[in-house]
Structure formats: C-alpha cells, structure tokens
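Here is final_31.txt, consisting of compact mmCIF, C-alpha atoms:
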```
# COMPACT_ATOMS: atom_id res chain seq x y z
CA MET B 640 0.05 -4.12 -18.74
CA THR B 641 3.19 -5.85 -19.99
CA ILE B 642 2.42 -9.15 -21.67
CA SER B 643 5.06 -11.78 -22.28
CA VAL B 644 5.63 -13.25 -25.75
CA ARG B 645 4.46 -16.60 -24.46
CA LYS B 646 1.29 -15.03 -23.08
CA VAL B 647 0.50 -13.38 -26.40
CA ALA B 648 1.05 -16.64 -28.23
CA ALA B 649 -1.01 -18.67 -25.79
CA THR B 650 -3.86 -16.18 -25.90
CA ALA B 651 -3.83 -16.25 -29.68
CA VAL B 652 -3.98 -20.04 -29.67
CA THR B 653 -6.86 -19.91 -27.22
CA ALA B 654 -8.75 -17.53 -29.50
CA VAL B 655 -8.21 -19.76 -32.53
CA LEU B 656 -9.45 -22.77 -30.60
CA GLY B 657 -12.33 -20.86 -29.08
CA ALA B 658 -14.89 -22.21 -31.50
CA ALA B 659 -13.97 -25.80 -30.71
CA LEU B 660 -14.20 -25.04 -27.03
CA ALA B 661 -17.58 -23.44 -27.64
CA GLY B 662 -16.39 -20.05 -26.48
CA CYS B 663 -15.92 -20.98 -22.83
CA GLY B 664 -14.28 -17.81 -21.63
CA GLY B 665 -10.93 -18.42 -23.27
CA GLY B 666 -9.97 -14.79 -23.70
CA ALA B 667 -12.62 -12.97 -25.68
CA ALA B 668 -12.71 -9.29 -24.88
CA PRO B 669 -15.93 -7.31 -24.53
CA ASP B 670 -16.64 -4.58 -27.04
CA ALA B 671 -15.14 -1.10 -26.84
CA GLY B 672 -16.59 1.33 -24.36
CA ARG B 673 -16.97 -1.21 -21.57
CA GLU B 674 -15.55 1.19 -18.98
CA ALA B 675 -18.63 3.37 -19.29
CA ARG B 676 -20.78 0.41 -18.27
CA LEU B 677 -18.88 -0.77 -15.22
CA GLY B 678 -21.02 -0.58 -12.11
CA THR B 679 -19.84 1.08 -8.91
CA PRO B 680 -18.87 -1.08 -5.93
CA ALA B 681 -20.35 -1.08 -2.45
CA ALA B 682 -23.88 -1.95 -3.49
CA SER B 683 -25.14 -5.09 -1.79
CA ALA B 684 -27.80 -7.38 -3.19
CA SER B 685 -29.62 -9.15 -0.43
CA GLY B 686 -31.40 -11.41 -2.88
CA ALA B 687 -35.06 -12.32 -3.03
CA PRO B 688 -36.57 -13.90 0.07
CA THR B 689 -36.35 -17.65 0.12
CA ALA B 690 -38.98 -19.99 1.40
CA PRO B 691 -38.01 -22.53 4.07
CA ALA B 692 -37.13 -25.87 2.58
CA PRO B 693 -38.75 -29.08 3.78
CA ASN B 694 -37.05 -31.42 6.23
CA GLY B 695 -34.84 -28.71 7.62
CA ALA B 696 -32.76 -28.41 4.45
CA PRO B 697 -31.13 -25.08 3.61
CA PRO B 698 -33.47 -22.72 1.75
CA SER B 699 -33.25 -22.88 -2.02
CA PRO B 700 -32.13 -19.63 -3.65
CA GLN B 701 -34.48 -18.09 -6.18
CA ALA B 702 -33.54 -17.52 -9.79
CA GLY B 703 -32.06 -14.13 -10.51
CA ALA B 704 -31.02 -13.45 -6.92
CA PRO B 705 -29.81 -16.78 -5.61
CA ALA B 706 -28.00 -15.80 -2.43
CA LYS B 707 -26.94 -12.93 -0.24
CA ALA B 708 -23.67 -11.74 -1.70
CA PRO B 709 -22.12 -8.37 -2.53
CA THR B 710 -22.85 -7.09 -6.02
CA LEU B 711 -22.10 -3.96 -7.98
CA ALA B 712 -24.62 -1.18 -8.45
CA PRO B 713 -26.24 -1.10 -11.89
CA GLY B 714 -24.34 0.69 -14.62
CA PRO B 715 -25.60 3.63 -16.67
CA ASN B 716 -29.28 3.38 -17.63
CA GLY B 717 -29.66 0.40 -15.32
CA LEU B 718 -27.40 -1.91 -17.33
CA THR B 719 -26.06 -5.03 -15.65
CA PRO B 720 -22.76 -4.05 -13.97
CA VAL B 721 -19.49 -5.69 -14.99
CA PHE B 722 -16.69 -6.69 -12.61
CA GLU B 723 -13.18 -7.48 -13.86
CA ARG B 724 -10.75 -6.83 -11.03
CA ALA B 725 -10.99 -5.60 -7.45
CA ALA B 726 -11.01 -1.83 -6.98
CA GLN B 727 -8.78 -2.28 -3.91
CA ARG B 728 -5.56 -3.22 -5.67
CA THR B 729 -3.05 -3.10 -2.83
CA ASP B 730 -4.29 -6.15 -0.91
CA LYS B 731 -2.56 -9.24 -2.33
CA THR B 732 -5.69 -11.25 -2.97
CA VAL B 733 -6.53 -13.20 -6.10
CA ALA B 734 -9.63 -15.11 -7.21
CA LEU B 735 -9.19 -18.31 -9.19
CA THR B 736 -12.33 -18.97 -11.22
CA PHE B 737 -13.16 -22.13 -13.16
CA ASP B 738 -15.69 -22.41 -15.97
CA ALA B 739 -17.56 -25.72 -15.83
CA ASP B 740 -18.61 -25.72 -19.47
CA MET B 741 -21.10 -27.89 -21.24
CA THR B 742 -23.32 -26.80 -24.10
CA SER B 743 -26.92 -27.84 -24.46
CA ASP B 744 -26.16 -30.21 -27.35
CA GLN B 745 -23.19 -32.09 -25.87
CA GLY B 746 -25.19 -34.78 -24.08
CA PRO B 747 -24.41 -37.43 -26.72
CA ARG B 748 -20.70 -36.75 -26.38
CA ALA B 749 -20.93 -37.16 -22.62
CA ALA B 750 -22.87 -40.40 -23.14
CA ASP B 751 -20.04 -41.62 -25.37
CA GLY B 752 -17.54 -41.07 -22.57
CA GLU B 753 -16.25 -37.52 -23.04
CA HIS B 754 -15.50 -35.92 -19.68
CA PHE B 755 -16.76 -32.38 -19.24
CA ASP B 756 -16.07 -32.61 -15.50
CA ASN B 757 -12.78 -32.61 -13.60
CA PRO B 758 -13.22 -34.14 -10.13
CA GLN B 759 -9.45 -34.34 -9.59
CA LEU B 760 -9.19 -30.56 -9.96
CA ILE B 761 -11.92 -30.03 -7.37
CA SER B 762 -10.17 -32.51 -5.06
CA THR B 763 -6.87 -30.67 -5.44
CA LEU B 764 -8.49 -27.31 -4.69
CA ARG B 765 -9.92 -28.85 -1.52
CA THR B 766 -6.61 -30.40 -0.52
CA LEU B 767 -4.78 -27.13 -1.07
CA LYS B 768 -7.59 -25.22 0.68
CA VAL B 769 -8.11 -22.79 -2.18
CA PRO B 770 -11.44 -20.93 -2.03
CA SER B 771 -12.74 -20.76 -5.59
CA THR B 772 -15.67 -19.62 -7.70
CA ILE B 773 -17.05 -22.13 -10.20
CA PHE B 774 -18.92 -20.62 -13.14
CA MET B 775 -21.21 -23.50 -14.04
CA THR B 776 -23.59 -24.01 -16.91
CA GLY B 777 -26.99 -25.44 -16.11
CA ARG B 778 -26.41 -28.23 -18.59
CA TRP B 779 -23.23 -29.21 -16.68
CA ALA B 780 -25.21 -29.34 -13.44
CA GLU B 781 -27.77 -31.62 -15.09
CA GLU B 782 -25.07 -33.93 -16.43
CA TYR B 783 -23.18 -34.10 -13.12
CA PRO B 784 -25.77 -33.43 -10.41
CA ASP B 785 -23.82 -35.21 -7.66
CA GLN B 786 -20.74 -33.13 -8.38
CA ALA B 787 -22.78 -29.93 -8.63
CA LYS B 788 -24.30 -30.67 -5.23
CA SER B 789 -20.94 -31.55 -3.71
CA ILE B 790 -19.38 -28.31 -4.99
CA GLY B 791 -22.46 -26.29 -4.14
CA THR B 792 -22.61 -27.45 -0.52
CA ASP B 793 -18.88 -27.07 0.17
CA PRO B 794 -18.08 -23.74 1.89
CA ASN B 795 -14.76 -23.72 0.04
CA PHE B 796 -16.65 -22.99 -3.18
CA GLU B 797 -19.37 -20.78 -4.59
CA ILE B 798 -21.28 -21.52 -7.77
CA ALA B 799 -21.94 -18.70 -10.22
CA ASN B 800 -24.03 -18.76 -13.38
CA HIS B 801 -22.41 -19.42 -16.76
CA SER B 802 -25.77 -19.70 -18.57
CA TYR B 803 -27.74 -22.89 -19.13
CA SER B 804 -27.01 -23.61 -22.79
CA HIS B 805 -23.63 -21.90 -23.27
CA HIS B 806 -25.04 -20.09 -26.27
CA ALA B 807 -23.88 -16.59 -27.14
CA PHE B 808 -25.39 -13.49 -25.60
CA LYS B 809 -23.77 -11.41 -28.35
CA SER B 810 -22.99 -12.34 -31.94
CA PRO B 811 -20.53 -13.15 -33.34
CA CYS B 812 -18.96 -15.12 -30.50
CA TYR B 813 -16.72 -18.05 -31.47
CA GLY B 814 -19.42 -19.42 -33.76
CA LEU B 815 -21.85 -20.04 -30.89
CA PRO B 816 -25.58 -19.95 -31.64
CA ALA B 817 -26.94 -16.59 -30.44
CA LEU B 818 -29.85 -15.99 -28.07
CA ASP B 819 -32.23 -13.07 -28.36
CA ALA B 820 -32.93 -10.91 -25.31
CA ALA B 821 -35.90 -12.90 -24.02
CA ALA B 822 -34.14 -16.24 -24.52
CA ALA B 823 -30.99 -14.92 -22.84
CA ARG B 824 -32.89 -13.87 -19.72
CA ALA B 825 -34.69 -17.22 -19.58
CA ASP B 826 -31.40 -19.07 -20.07
CA VAL B 827 -29.99 -17.49 -16.90
CA ASP B 828 -33.06 -18.45 -14.89
CA ARG B 829 -32.92 -21.99 -16.23
CA ALA B 830 -29.31 -22.37 -15.06
CA PHE B 831 -30.16 -21.23 -11.52
CA ALA B 832 -33.05 -23.71 -11.55
CA ALA B 833 -30.66 -26.52 -12.56
CA PHE B 834 -28.39 -25.66 -9.62
CA ARG B 835 -31.33 -25.83 -7.22
CA GLN B 836 -32.50 -29.11 -8.73
CA ALA B 837 -29.03 -30.58 -8.15
CA GLY B 838 -29.10 -29.45 -4.51
CA ALA B 839 -26.45 -26.73 -4.74
CA VAL B 840 -27.02 -24.00 -2.16
CA ASN B 841 -23.78 -21.99 -2.22
CA THR B 842 -24.84 -20.04 -5.30
CA VAL B 843 -24.12 -16.37 -5.86
CA PRO B 844 -25.74 -13.72 -8.11
CA TYR B 845 -22.85 -13.55 -10.54
CA PHE B 846 -22.92 -14.33 -14.25
CA ARG B 847 -20.17 -14.99 -16.81
CA PHE B 848 -21.02 -14.56 -20.46
CA PRO B 849 -20.19 -17.58 -22.63
CA GLY B 850 -17.01 -16.70 -24.46
CA GLY B 851 -16.86 -13.47 -22.47
CA CYS B 852 -18.87 -11.87 -25.29
CA TYR B 853 -21.28 -9.09 -24.38
CA ASP B 854 -22.52 -5.66 -25.42
CA ASP B 855 -25.08 -3.14 -24.20
CA GLN B 856 -27.95 -5.24 -25.51
CA ALA B 857 -26.76 -8.27 -23.54
CA LEU B 858 -26.30 -6.19 -20.38
CA ARG B 859 -29.79 -4.74 -20.83
CA ALA B 860 -31.31 -8.20 -21.32
CA LEU B 861 -29.95 -9.33 -17.94
CA SER B 862 -30.75 -6.15 -16.03
CA THR B 863 -33.81 -7.66 -14.34
CA ALA B 864 -31.85 -10.72 -13.20
CA LYS B 865 -30.08 -8.62 -10.54
CA VAL B 866 -26.73 -10.25 -11.27
CA THR B 867 -23.22 -8.84 -11.58
CA ALA B 868 -21.42 -9.91 -14.75
CA VAL B 869 -17.94 -11.18 -13.91
CA GLN B 870 -15.15 -11.08 -16.45
CA TRP B 871 -11.42 -11.43 -15.68
CA ASP B 872 -8.08 -9.70 -16.10
CA VAL B 873 -5.88 -12.82 -16.32
CA VAL B 874 -6.33 -15.45 -19.05
CA SER B 875 -4.75 -18.72 -17.97
CA GLY B 876 -4.43 -20.18 -21.46
CA ASP B 877 -5.45 -23.61 -20.16
CA ALA B 878 -7.91 -24.28 -22.98
CA PHE B 879 -6.53 -27.27 -24.90
CA ALA B 880 -3.11 -26.66 -23.36
CA LYS B 881 -0.72 -29.59 -23.13
CA ASP B 882 2.00 -27.96 -21.04
CA PRO B 883 1.02 -27.23 -17.42
CA ASP B 884 4.21 -25.25 -16.91
CA ALA B 885 3.20 -22.83 -19.68
CA VAL B 886 -0.24 -22.38 -18.11
CA ALA B 887 1.31 -21.79 -14.70
CA GLU B 888 3.80 -19.28 -16.10
CA GLN B 889 1.04 -17.36 -17.86
CA VAL B 890 -0.99 -17.07 -14.67
CA LEU B 891 2.00 -16.19 -12.49
CA THR B 892 3.07 -13.53 -14.99
CA GLY B 893 -0.36 -11.94 -15.16
CA VAL B 894 -1.58 -11.95 -11.57
CA LYS B 895 -1.74 -8.64 -9.71
CA PRO B 896 -3.45 -7.72 -6.42
CA GLY B 897 -7.19 -8.07 -6.92
CA SER B 898 -6.92 -10.20 -10.08
CA VAL B 899 -9.58 -12.56 -11.38
CA VAL B 900 -8.08 -15.55 -13.22
CA VAL B 901 -10.19 -17.51 -15.72
CA MET B 902 -9.51 -21.25 -15.94
CA HIS B 903 -11.60 -24.31 -16.77
CA CYS B 904 -13.09 -27.30 -14.99
CA THR B 905 -13.45 -29.49 -18.08
CA ARG B 906 -11.12 -32.45 -18.53
CA SER B 907 -11.65 -32.92 -22.27
CA ALA B 908 -11.05 -29.25 -23.11
CA ALA B 909 -8.52 -28.31 -20.42
CA PRO B 910 -6.61 -31.46 -19.47
CA VAL B 911 -3.62 -29.92 -17.65
CA THR B 912 -5.42 -27.42 -15.41
CA GLU B 913 -5.17 -29.53 -12.26
CA GLU B 914 -1.43 -30.03 -12.71
CA ALA B 915 -0.97 -26.31 -13.35
CA ILE B 916 -2.87 -25.47 -10.16
CA ARG B 917 -0.39 -27.53 -8.14
CA LYS B 918 2.33 -25.21 -9.44
CA ILE B 919 0.39 -21.93 -9.29
CA VAL B 920 -0.98 -22.13 -5.75
CA PRO B 921 2.25 -22.64 -3.75
CA GLU B 922 4.12 -20.06 -5.84
CA LEU B 923 1.49 -17.36 -5.37
CA ARG B 924 1.36 -18.12 -1.65
CA LYS B 925 5.12 -17.80 -1.54
CA ARG B 926 4.69 -14.35 -3.10
CA GLY B 927 2.28 -13.39 -0.33
CA TYR B 928 -1.02 -13.84 -2.15
CA ARG B 929 -4.20 -15.01 -0.46
CA PHE B 930 -6.85 -16.87 -2.45
CA VAL B 931 -10.44 -15.65 -2.20
CA LYS B 932 -13.76 -16.19 -3.90
CA VAL B 933 -15.09 -13.57 -6.28
CA SER B 934 -17.63 -12.53 -3.65
CA GLU B 935 -14.82 -11.40 -1.36
CA LEU B 936 -13.20 -9.35 -4.11
CA ILE B 937 -16.48 -7.67 -4.98
CA GLY B 938 -17.17 -7.02 -1.33
CA LYS B 939 -13.98 -5.02 -0.81
```
For the structure just supplied, provide its representation as structure tokens.
Amino acid sequence: MTISVRKVAATAVTAVLGAALAGCGGGAAPDAGREARLGTPAASASGAPTAPAPNGAPPSPQAGAPAKAPTLAPGPNGLTPVFERAAQRTDKTVALTFDADMTSDQGPRAADGEHFDNPQLISTLRTLKVPSTIFMTGRWAEEYPDQAKSIGTDPNFEIANHSYSHHAFKSPCYGLPALDAAAARADVDRAFAAFRQAGAVNTVPYFRFPGGCYDDQALRALSTAKVTAVQWDVVSGDAFAKDPDAVAEQVLTGVKPGSVVVMHCTRSAAPVTEEAIRKIVPELRKRGYRFVKVSELIGK
C-alpha cells in the first residue's frame, strides 16, 4: 500500500526505539513466508468448558481457551493461525487495539512511580463508546488488578493475551530475552491465569507476540493453546511519540476497511495516545467507519 513519508519516518523511529519500549508491538514484521501460515477463517473455537464460579459470579475462563469467540482454523501442519486484517474488506469496520505492556522485571520501576497504565485512555474510549481489544500482559494485570478487572468486566472491551513476561517468542526481537518453546507455552497460560486472578472475564483466545516477532517455531509452540495470533496492518507510531497530530495522521492515512490498528495503553511509553484517539475516532466516524473488537473482525 502507499505509505506517506511521515509514516515511513515514524515507523523507523518506532523501530529504533523498540528496544527501549521492550518490543511492545511497535511495528516489527514477522518473517518472510507468513502468508503460507495464515489460518482460514470461519472456524469457531468454543473454548474449554468452564466450571461454575462460587457466589453466582461469572465462570472463569480456562487457560488456552478463555472464552467463546471466533478463531481461525489452524495453519499448515497445525501451526497457530495468524490474523492481520479482516478478509471481508468492503465493510467499513476497523479494530483499535491497545497493548498494555509491562515486562516481568519492571516492578521496581512501577514502585518508583512509573506509569505503565493509562486510565484516562480507557475513560476516553468509554466516553466515545469505542469497542476495543486490549492486549494485556499478565504482569500488567498483576500490577493493576483493579484496572484489569474493570476493563475485563466492561462489555465495551475484550482482553487478549500479550504474554505474561513480555519476553520474545523469537530471537532476535528488539533485544528482548527469548523464551524456549516450553517456556513460551507456559508464559501464555500464566497470563490467562493472571487475568482470572484479577477478576477479568471478558477474555478472548487471541494472542499478540511481544514485538510482533514470530516464526514457525513460535507458532508451533503455541499450537496447543488454541489461540489465534493477532498482528495488525496499521502501525500508529504512538510509541514515545510527542505529537498526537502525527499519530492521528498516521492512523487515518493507513486505515482501510477491516484494518487492525496497533496502539498502546502505557502512559510512560506512549504519552499522547489518548489525545490522538480524540482526533482519530470522530474523523473515522465522519468517514463512515464503525469501530469493532477484533472478535467481530475475525467472525466476519
């Protein structure tokens, strides 16, 4: 597709700063040959049965298949399928996704006052009535359990898995420590467990690789988790951005029917995202777009 000069520059800056951001989905591309691994749509994962919760609470999803939601069929040789943009590309729908990033070793920084959350962004999405998918790390859910529960019990949102530790599932990946296959699979389960512990129930069987980095080995490692890997086709450039207008322009330039936009829900690493959203949402609505969660795009 045609990419503006500003978009190229912003994406390059995002890549350079990726290591500092700990590879939180800022624009890394998967390896060559990804098209051969994309799953086919129209498969539906019903999820593992859930046991009734005490005191009449909603049932807790199980790790690996946390909720009933549409997924893609496995790719060749049973590899985890990868979703990037809706197959139905005439309907003017778009999914805004937000990575709630926190690595396993950033607890001391949070204790010192660094904000890995962004409650104002969540409030603005609610005010503007924008259905959204939050790709959350398990460590983030542990650090902000009240917020994880609030997001995960709000029908406006769905929580997807962004790993527990935010370590790499493929190396190299922005300098992130790499997990082997067994550790990668366990990391996904641990994140789902952290969501349940926080009380989030609106979880879906979708997974976003830290940094967007994956290969066949990573897809094979997650094949038993019964998740659909979700990438994106529009990079917002909000990582470390200081100009909300530039972020908004990049999104508005890139969005097409069926697009998935990657943004961030981390104040310290993406401080202008909320302001950019207040520009992006009304303009896309003016253009006839409807905002949906990733689950609706996959279900088309």
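Taking all atoms listed in the file into account, Val827 in chain B lies nearest to B:Tyr803 out of the set B:Tyr813, B:Phe722, B:Phe808, B:Tyr803.
Here the question is which of B:Leu891, B:Val843, B:Ala712, B:Val933 gets nearest to Ile916 in chain B using all atoms listed in the file, and that residue is B:Leu891.
Distances here use all atoms listed in the file; by that measure, the residue among B:Ala799, B:Val733, B:Ala821, B:Ala837 closest to Pro784 in chain B is B:Ala837.
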key: Residue neighbourhood Thr763 in chain B, 9 Å, all atoms listed in the file, exclusion window fewer than 6 positions, as a VMD selection string   = chain B and resid 769 913 916 to 917
ask   = Using only C-alpha atoms, which of the listed residues (B:Ala887, B:Leu760, B:Ala909, B:Val901) sits closest to Pro921 in chain B?
value = B:Ala887
message = Give me, as a ChimeraX atom specification, all polymer residues having an atom no more than 8 Å from Asp872 in chain B, counting only C-alpha atoms and skipping those fewer than 4 positions away in the same chain.
response = /B:723-724,898-900
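Of the residues listed (B:Arg926, B:Arg748, B:Lys939, B:Arg824), B:Arg824 shows the shortest atom-to-atom separation from Ala864 in chain B; distances use all atoms listed in the file.
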query = Hey, can you check how far CA of Ala878 in chain B sits from CA of Pro811 in chain B?
reply = 19.8 Å
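As for CA of Lys809 in chain B and CA of Asp854 in chain B, they are spaced 6.6 Å apart.
Pairwise distance (CA of Thr710 in chain B, CA of Gln889 in chain B) equals 28.6 Å.
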task = Please determine the residues with any atom at most 12 Å from (6.5, -25.6, -13.1) (coordinates as given in the file, with only C-alpha atoms counting) and report them as number ranges by chain.
result = B: 882-891, 911, 914-922
Near Asp756 in chain B, within 7 Å and counting only C-alpha atoms, which residues show up once chain neighbours fewer than 5 positions away are dropped, as a compact mmCIF listing (two decimals) with C-alpha atoms, in the frame of the given file?
```
# COMPACT_ATOMS: atom_id res chain seq x y z
CA CYS B 904 -13.09 -27.30 -14.99
CA THR B 905 -13.45 -29.49 -18.08
CA ARG B 906 -11.12 -32.45 -18.53
```
My structure is short of atoms at range 822-833 of chain B; please model all heavy atoms there, returning them as an mmCIF file, keeping the file's coordinate frame.
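Done, and the output landed in selection04.cif:
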```cif
data_model
loop_
_atom_site.group_PDB
_atom_site.id
_atom_site.type_symbol
_atom_site.label_atom_id
_atom_site.label_comp_id
_atom_site.auth_asym_id
_atom_site.auth_seq_id
_atom_site.Cartn_x
_atom_site.Cartn_y
_atom_site.Cartn_z
ATOM 1 N N ALA B 822 -34.726 -14.917 -24.721
ATOM 2 C CA ALA B 822 -34.140 -16.240 -24.520
ATOM 3 C C ALA B 822 -32.930 -16.166 -23.597
ATOM 4 O O ALA B 822 -32.697 -17.074 -22.786
ATOM 5 C CB ALA B 822 -33.762 -16.858 -25.855
ATOM 6 N N ALA B 823 -32.168 -15.078 -23.696
ATOM 7 C CA ALA B 823 -30.990 -14.920 -22.840
ATOM 8 C C ALA B 823 -31.402 -14.822 -21.383
ATOM 9 O O ALA B 823 -30.819 -15.468 -20.507
ATOM 10 C CB ALA B 823 -30.211 -13.669 -23.261
ATOM 11 N N ARG B 824 -32.415 -14.019 -21.107
ATOM 12 C CA ARG B 824 -32.890 -13.870 -19.720
ATOM 13 C C ARG B 824 -33.402 -15.200 -19.183
ATOM 14 O O ARG B 824 -33.101 -15.591 -18.048
ATOM 15 C CB ARG B 824 -33.989 -12.797 -19.682
ATOM 16 C CG ARG B 824 -34.601 -12.557 -18.309
ATOM 17 C CD ARG B 824 -33.558 -11.963 -17.355
ATOM 18 N NE ARG B 824 -34.157 -11.673 -16.067
ATOM 19 C CZ ARG B 824 -34.341 -12.561 -15.102
ATOM 20 N NH1 ARG B 824 -33.955 -13.816 -15.295
ATOM 21 N NH2 ARG B 824 -34.883 -12.217 -13.953
ATOM 22 N N ALA B 825 -34.152 -15.930 -19.997
ATOM 23 C CA ALA B 825 -34.690 -17.220 -19.580
ATOM 24 C C ALA B 825 -33.577 -18.247 -19.370
ATOM 25 O O ALA B 825 -33.666 -19.114 -18.487
ATOM 26 C CB ALA B 825 -35.690 -17.740 -20.614
ATOM 27 N N ASP B 826 -32.516 -18.139 -20.167
ATOM 28 C CA ASP B 826 -31.400 -19.070 -20.070
ATOM 29 C C ASP B 826 -30.714 -18.941 -18.704
ATOM 30 O O ASP B 826 -30.304 -19.944 -18.104
ATOM 31 C CB ASP B 826 -30.401 -18.758 -21.186
ATOM 32 C CG ASP B 826 -29.483 -19.925 -21.494
ATOM 33 O OD1 ASP B 826 -29.966 -20.940 -22.022
ATOM 34 O OD2 ASP B 826 -28.281 -19.812 -21.209
ATOM 35 N N VAL B 827 -30.582 -17.716 -18.211
ATOM 36 C CA VAL B 827 -29.990 -17.490 -16.900
ATOM 37 C C VAL B 827 -30.850 -18.110 -15.806
ATOM 38 O O VAL B 827 -30.355 -18.810 -14.907
ATOM 39 C CB VAL B 827 -29.801 -15.978 -16.649
ATOM 40 C CG1 VAL B 827 -29.321 -15.721 -15.220
ATOM 41 C CG2 VAL B 827 -28.803 -15.405 -17.644
ATOM 42 N N ASP B 828 -32.150 -17.876 -15.874
ATOM 43 C CA ASP B 828 -33.060 -18.450 -14.890
ATOM 44 C C ASP B 828 -33.012 -19.983 -14.906
ATOM 45 O O ASP B 828 -33.038 -20.633 -13.863
ATOM 46 C CB ASP B 828 -34.498 -17.994 -15.147
ATOM 47 C CG ASP B 828 -34.719 -16.528 -14.827
ATOM 48 O OD1 ASP B 828 -33.873 -15.932 -14.139
ATOM 49 O OD2 ASP B 828 -35.743 -15.972 -15.275
ATOM 50 N N ARG B 829 -32.932 -20.536 -16.107
ATOM 51 C CA ARG B 829 -32.920 -21.990 -16.230
ATOM 52 C C ARG B 829 -31.667 -22.578 -15.590
ATOM 53 O O ARG B 829 -31.712 -23.669 -14.994
ATOM 54 C CB ARG B 829 -32.999 -22.388 -17.704
ATOM 55 C CG ARG B 829 -33.193 -23.879 -17.917
ATOM 56 C CD ARG B 829 -33.340 -24.203 -19.398
ATOM 57 N NE ARG B 829 -33.531 -25.634 -19.601
ATOM 58 C CZ ARG B 829 -33.554 -26.229 -20.798
ATOM 59 N NH1 ARG B 829 -33.439 -25.497 -21.902
ATOM 60 N NH2 ARG B 829 -33.711 -27.537 -20.900
ATOM 61 N N ALA B 830 -30.539 -21.882 -15.700
ATOM 62 C CA ALA B 830 -29.310 -22.370 -15.060
ATOM 63 C C ALA B 830 -29.452 -22.361 -13.545
ATOM 64 O O ALA B 830 -29.102 -23.339 -12.872
ATOM 65 C CB ALA B 830 -28.121 -21.507 -15.488
ATOM 66 N N PHE B 831 -29.960 -21.268 -12.974
ATOM 67 C CA PHE B 831 -30.160 -21.230 -11.520
ATOM 68 C C PHE B 831 -31.098 -22.355 -11.078
ATOM 69 O O PHE B 831 -30.892 -22.969 -10.028
ATOM 70 C CB PHE B 831 -30.735 -19.876 -11.101
ATOM 71 C CG PHE B 831 -29.710 -18.780 -10.986
ATOM 72 C CD1 PHE B 831 -29.944 -17.530 -11.544
ATOM 73 C CD2 PHE B 831 -28.515 -18.979 -10.315
ATOM 74 C CE1 PHE B 831 -29.009 -16.505 -11.427
ATOM 75 C CE2 PHE B 831 -27.561 -17.967 -10.198
ATOM 76 C CZ PHE B 831 -27.824 -16.725 -10.759
ATOM 77 N N ALA B 832 -32.123 -22.628 -11.889
ATOM 78 C CA ALA B 832 -33.050 -23.710 -11.550
ATOM 79 C C ALA B 832 -32.339 -25.060 -11.557
ATOM 80 O O ALA B 832 -32.601 -25.924 -10.712
ATOM 81 C CB ALA B 832 -34.220 -23.719 -12.535
ATOM 82 N N ALA B 833 -31.413 -25.257 -12.495
ATOM 83 C CA ALA B 833 -30.660 -26.520 -12.560
ATOM 84 C C ALA B 833 -29.768 -26.677 -11.329
ATOM 85 O O ALA B 833 -29.620 -27.785 -10.800
ATOM 86 C CB ALA B 833 -29.808 -26.555 -13.836
#
```
